[in-house]
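Down below is the structure, laid out as structure tokens.
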Amino acid sequence: MNALAKRTLWILPILALLCTSLRADTPQAATARIVAAANAFLATLDESQKKHVMYAFDDEKQRARWSNLPTSMVPRGGIKMGDLNEAQRSAAMALVASALSQRGFEKVQQIMQGDELLKRNDRDARMFGKNLFYISILGTPSEKSPWMLQFGGHHLALNITVSGENGILTPSLTGAQPALYQLDGKTVRPLGAESDKAFALLNALDEGQRKRAILSFRMADLVLGPGQDGKIIQPEGLKASDMNEKQRGMLVDLISEWVNIAPDTFAAPRMAEIKSGLDDTWFAWSGPDKAEEGKNIRAYFRVQGPKLVIEYAPQNLGGDPTLHVHTMYRDPTNDYGRGRATK
Amino acid sequence: MTASSALVRRDAKRSAFLKRSEKRSAIASRLTSADARIERKMGPARLWFFAIAVPLGMLCVRASVSAHRLDEYLQATTIDIGKSRFALEIRLTPGVDVFSRVMAKIDTNGDRLISEAEQRAYAKLVLHDLSLSIDGKQLHLRLTSLTFPKIEQMKEGLGEIVFDYEALVPAGSAHRKILFENHHQSAISVYLANCLFPKDPDIRITAQSRNYEQTVYRVDYTQAIAPAPAIASSSGSSVRNWLIADAIILLPSLAFLRQRRRRAIQKDAAGVRSNAI
């Protein structure tokens, strides 16, 4: 394959995304687009590859086969990017792009690019790099019946359940290492907005509110990370009902960093659902309440509502915690669409 | 990358760093020999170098890519509160650098295998370092299940040991206080302690507090104690009263009837005997 053809294939997902962003989608159209992208991807695979990619929709083991850890440590199901040819890989990325918003896909690419940098810096292609991201499909892509797209690897786990007009992105894990890097002369922080918005919200609280929001104990890691499906912990911190309108707006804006990974048509009803429970949504912070300009926070925070759990946990694994971040996004009442979307 | 290759690589980096340090020191000593005044200054400078720069360098080496837990033993506990039973799950993840210290407590015979007996013994050891009480009364925790990862996973800072315990909860007032403590291998551990949101709608957690390390976790909760319905209570007591009254009336009657029957039997028996004679 010549260089021009290769470049054209890589541009396809971007073009697909551009087309998506240019037209206002209806939920049906969004689902139809994702189904078409899924079928286009499957059409590029041979029978043996298809067997690796396809799982039963209710395959609980495959559903839960995701992690923040590298794939060499926690093996994923599906097929890895490195085992696909250019055309197949392009179709796979076009499928991922079709199921995400423009910003969501950008974030995914930045996370993958970070892992590619890890590969180069650590010279370990067995553990890091874009080739080690896996794609799998649970169920049969359909505009009516529920099915699921999984895409992930080190620091990324997208579990996207599509059920008719509904699209569920929970549970999903986004992480970054390095969480700040330079690319083509630009500074990239894949999870920078999450960090900045949470820090801004903390700073918008008055003393009384901060006392309630800031937990007096150390949070060493995510509480509801991989393997903790279906659990709901007792919320704590500051309740949104005790925030003013501006602060509540900032909280919603913070939440949107995870909700809006999904395309608008799926994100809008999800955000409406979260807003309807906003009074019972809590914001908790643990760790330093200072941050350097342009860098990520060193603190852990959690946003928890009746149908929402978001955790942001800098990793103190021997390095600078601002450069290594794990985040978790859940709807414990509807993870994998178990609760509502697929009924 | 396996843990051992990571360690080998880290050791290689460290030795390269130390070699570089030695080279620098050698250059410094050559310079100092040329100037006695500088030599006097280089002595403490070299000391400072080894006191600050070397550990700092080590830290930099450690700061290289690490996807696994390193020098901490993560212990995450969740408590599921029920009216008559608490379920406690503890997930233990030893970091690469503390693996040997954790393993020493598990693999007590040192054969580099974790037998079933050693698994159970370790669950007991952990239990010994835990404490759970309600309203000041100590609860007895019983192991209900255990899961151990492969040793290879643990060596890489990935393996998660999971112990499930349960405790039966004595009846109490509507306002209850749980105190949970975990002091297992506290020199190397970090802790998380949380309560699951109660499934029982009658139970409501009202307050949570922890010390900074989360080794001490206190939970206050209320539970609706269903008061015995008034009608049921009164009818219950009236039934009891009626039964007592019935017994008072019936017992003498039964005794009288039994006596009459005995007399009749004796009379019949006497008749039979006289006929037989």
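Going through the structure tokens in order, the chains are called A, B, and so on, while each chain numbers its residues from 1 and the ligands are numbered from 1 in the order shown.
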
Counting only C-alpha atoms, which residues from chain A have an atom at most 7 Å from any atom of chain B, and could you show them as a PDB file with N, CA and C atoms, in the first residue's frame?
```
ATOM      1  N   LEU A  69      -4.845  -0.995  33.608  1.00  0.00           N
ATOM      2  CA  LEU A  69      -3.489  -1.540  33.461  1.00  0.00           C
ATOM      3  C   LEU A  69      -3.163  -1.890  32.014  1.00  0.00           C
ATOM      4  N   ASP A 122      10.006   4.398  27.121  1.00  0.00           N
ATOM      5  CA  ASP A 122      10.367   3.209  27.890  1.00  0.00           C
ATOM      6  C   ASP A 122      10.874   2.091  26.987  1.00  0.00           C
ATOM      7  N   ARG A 126       5.938  -4.151  24.229  1.00  0.00           N
ATOM      8  CA  ARG A 126       5.066  -5.240  24.700  1.00  0.00           C
ATOM      9  C   ARG A 126       4.019  -4.717  25.665  1.00  0.00           C
ATOM     10  N   MET A 127       4.287  -3.561  26.232  1.00  0.00           N
ATOM     11  CA  MET A 127       3.398  -3.070  27.284  1.00  0.00           C
ATOM     12  C   MET A 127       2.621  -1.812  26.867  1.00  0.00           C
ATOM     13  N   SER A 216     -11.121  14.971  55.123  1.00  0.00           N
ATOM     14  CA  SER A 216      -9.953  15.143  56.000  1.00  0.00           C
ATOM     15  C   SER A 216      -9.011  13.945  55.940  1.00  0.00           C
ATOM     16  N   PHE A 217      -9.254  13.060  55.012  1.00  0.00           N
ATOM     17  CA  PHE A 217      -8.422  11.854  54.956  1.00  0.00           C
ATOM     18  C   PHE A 217      -7.863  11.650  53.555  1.00  0.00           C
ATOM     19  N   ARG A 218      -6.830  10.820  53.489  1.00  0.00           N
ATOM     20  CA  ARG A 218      -6.139  10.571  52.227  1.00  0.00           C
ATOM     21  C   ARG A 218      -6.900   9.546  51.383  1.00  0.00           C
ATOM     22  N   MET A 219      -7.048   9.851  50.089  1.00  0.00           N
ATOM     23  CA  MET A 219      -7.636   8.879  49.161  1.00  0.00           C
ATOM     24  C   MET A 219      -6.494   8.347  48.295  1.00  0.00           C
ATOM     25  N   ALA A 220      -6.137   7.113  48.520  1.00  0.00           N
ATOM     26  CA  ALA A 220      -4.958   6.558  47.849  1.00  0.00           C
ATOM     27  C   ALA A 220      -5.250   6.091  46.428  1.00  0.00           C
ATOM     28  N   LYS A 231     -21.435  -1.624  42.491  1.00  0.00           N
ATOM     29  CA  LYS A 231     -21.356  -1.151  43.876  1.00  0.00           C
ATOM     30  C   LYS A 231     -21.694   0.339  43.958  1.00  0.00           C
ATOM     31  N   ILE A 232     -22.374   0.689  45.022  1.00  0.00           N
ATOM     32  CA  ILE A 232     -22.650   2.115  45.285  1.00  0.00           C
ATOM     33  C   ILE A 232     -22.163   2.390  46.696  1.00  0.00           C
ATOM     34  N   ILE A 233     -21.297   3.374  46.836  1.00  0.00           N
ATOM     35  CA  ILE A 233     -20.831   3.694  48.191  1.00  0.00           C
ATOM     36  C   ILE A 233     -21.617   4.877  48.747  1.00  0.00           C
ATOM     37  N   GLN A 234     -21.555   5.014  50.041  1.00  0.00           N
ATOM     38  CA  GLN A 234     -22.238   6.124  50.692  1.00  0.00           C
ATOM     39  C   GLN A 234     -21.582   7.432  50.246  1.00  0.00           C
ATOM     40  N   LEU A 317       2.467   6.380  42.035  1.00  0.00           N
ATOM     41  CA  LEU A 317       3.150   5.102  41.815  1.00  0.00           C
ATOM     42  C   LEU A 317       4.639   5.331  41.572  1.00  0.00           C
ATOM     43  N   GLY A 318       5.246   6.100  42.442  1.00  0.00           N
ATOM     44  CA  GLY A 318       6.677   6.326  42.332  1.00  0.00           C
ATOM     45  C   GLY A 318       7.030   7.514  41.459  1.00  0.00           C
ATOM     46  N   GLY A 319       6.048   8.158  40.863  1.00  0.00           N
ATOM     47  CA  GLY A 319       6.342   9.298  40.000  1.00  0.00           C
ATOM     48  C   GLY A 319       5.574  10.527  40.436  1.00  0.00           C
ATOM     49  N   ASP A 320       5.465  11.499  39.533  1.00  0.00           N
ATOM     50  CA  ASP A 320       4.729  12.722  39.811  1.00  0.00           C
ATOM     51  C   ASP A 320       3.240  12.437  39.574  1.00  0.00           C
TER      52      ASP A 320
END
```

Just want the 12 Å neighbourhood of Glu245 of chain A, counted on only C-alpha atoms, with same-chain residues fewer than 2 positions away dropped. Output as a PDB file with C-alpha atoms, in the first residue's frame.
```
ATOM      1  CA  LEU A 201     -15.189  24.579  41.343  1.00  0.00           C
ATOM      2  CA  ALA A 204     -15.537  28.914  43.808  1.00  0.00           C
ATOM      3  CA  LEU A 205     -16.711  27.489  47.127  1.00  0.00           C
ATOM      4  CA  ALA A 240     -25.124  20.388  45.165  1.00  0.00           C
ATOM      5  CA  SER A 241     -28.299  21.502  46.945  1.00  0.00           C
ATOM      6  CA  ASP A 242     -25.961  23.521  49.179  1.00  0.00           C
ATOM      7  CA  MET A 243     -24.304  25.217  46.198  1.00  0.00           C
ATOM      8  CA  GLN A 247     -21.412  26.629  41.478  1.00  0.00           C
ATOM      9  CA  ARG A 248     -24.056  24.140  40.323  1.00  0.00           C
ATOM     10  CA  GLY A 249     -23.377  25.239  36.764  1.00  0.00           C
ATOM     11  CA  MET A 250     -19.675  24.603  37.307  1.00  0.00           C
ATOM     12  CA  LEU A 251     -20.449  21.168  38.709  1.00  0.00           C
ATOM     13  CA  VAL A 252     -22.559  20.321  35.650  1.00  0.00           C
ATOM     14  CA  LEU A 278     -28.432  17.287  40.850  1.00  0.00           C
ATOM     15  CA  ASP A 279     -29.728  18.258  44.294  1.00  0.00           C
TER      16      ASP A 279
END
```

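When atom CA of Thr222 of chain B is paired with atom CA of Ser133 of chain B, their separation reads 15.6 Å.
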
Do you know which residues are at most 8 Å from segment 35-37 of chain A counting only C-alpha atoms, after dropping those on the same chain fewer than 3 positions away, and could you put them as an MDAnalysis selection string? chainID A and resid 31:32 40:41 91 94:95 98 141:143

Residues as selected, C-alpha atoms, written as a PDB file, in the first residue's frame, can you do that?
```
ATOM      1  CA  THR A  31     -27.571   4.744  16.066  1.00  0.00           C
ATOM      2  CA  ALA A  32     -27.835   4.032  12.336  1.00  0.00           C
ATOM      3  CA  ALA A  40     -18.267  -1.665   7.744  1.00  0.00           C
ATOM      4  CA  PHE A  41     -15.566  -2.649  10.241  1.00  0.00           C
ATOM      5  CA  ALA A  91     -12.435   1.040   9.888  1.00  0.00           C
ATOM      6  CA  ALA A  94     -13.987   5.055  12.284  1.00  0.00           C
ATOM      7  CA  LEU A  95     -16.321   2.869  14.351  1.00  0.00           C
ATOM      8  CA  SER A  98     -18.824   7.194  15.183  1.00  0.00           C
ATOM      9  CA  PRO A 141     -24.828  -4.391  15.690  1.00  0.00           C
ATOM     10  CA  SER A 142     -28.445  -3.381  15.360  1.00  0.00           C
ATOM     11  CA  GLU A 143     -30.562  -0.264  15.252  1.00  0.00           C
TER      12      GLU A 143
END
```

Mind listing the strand (DSSP E) residues of segment 32-197 of chain A, per DSSP on the backbone, as a ChimeraX atom specification? /A:54-55,79-80,134-138,147-153,156-163,166-168,172-176,181-183,186-188

B:Met103, B:Ala121, B:Ile203, B:Val96 ranked by distance to Leu146 of chain B, top pick (using only C-alpha atoms):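 Of B:Met103, B:Ala121, B:Ile203, B:Val96, the one nearest Leu146 of chain B is B:Ala121, counting only C-alpha atoms.
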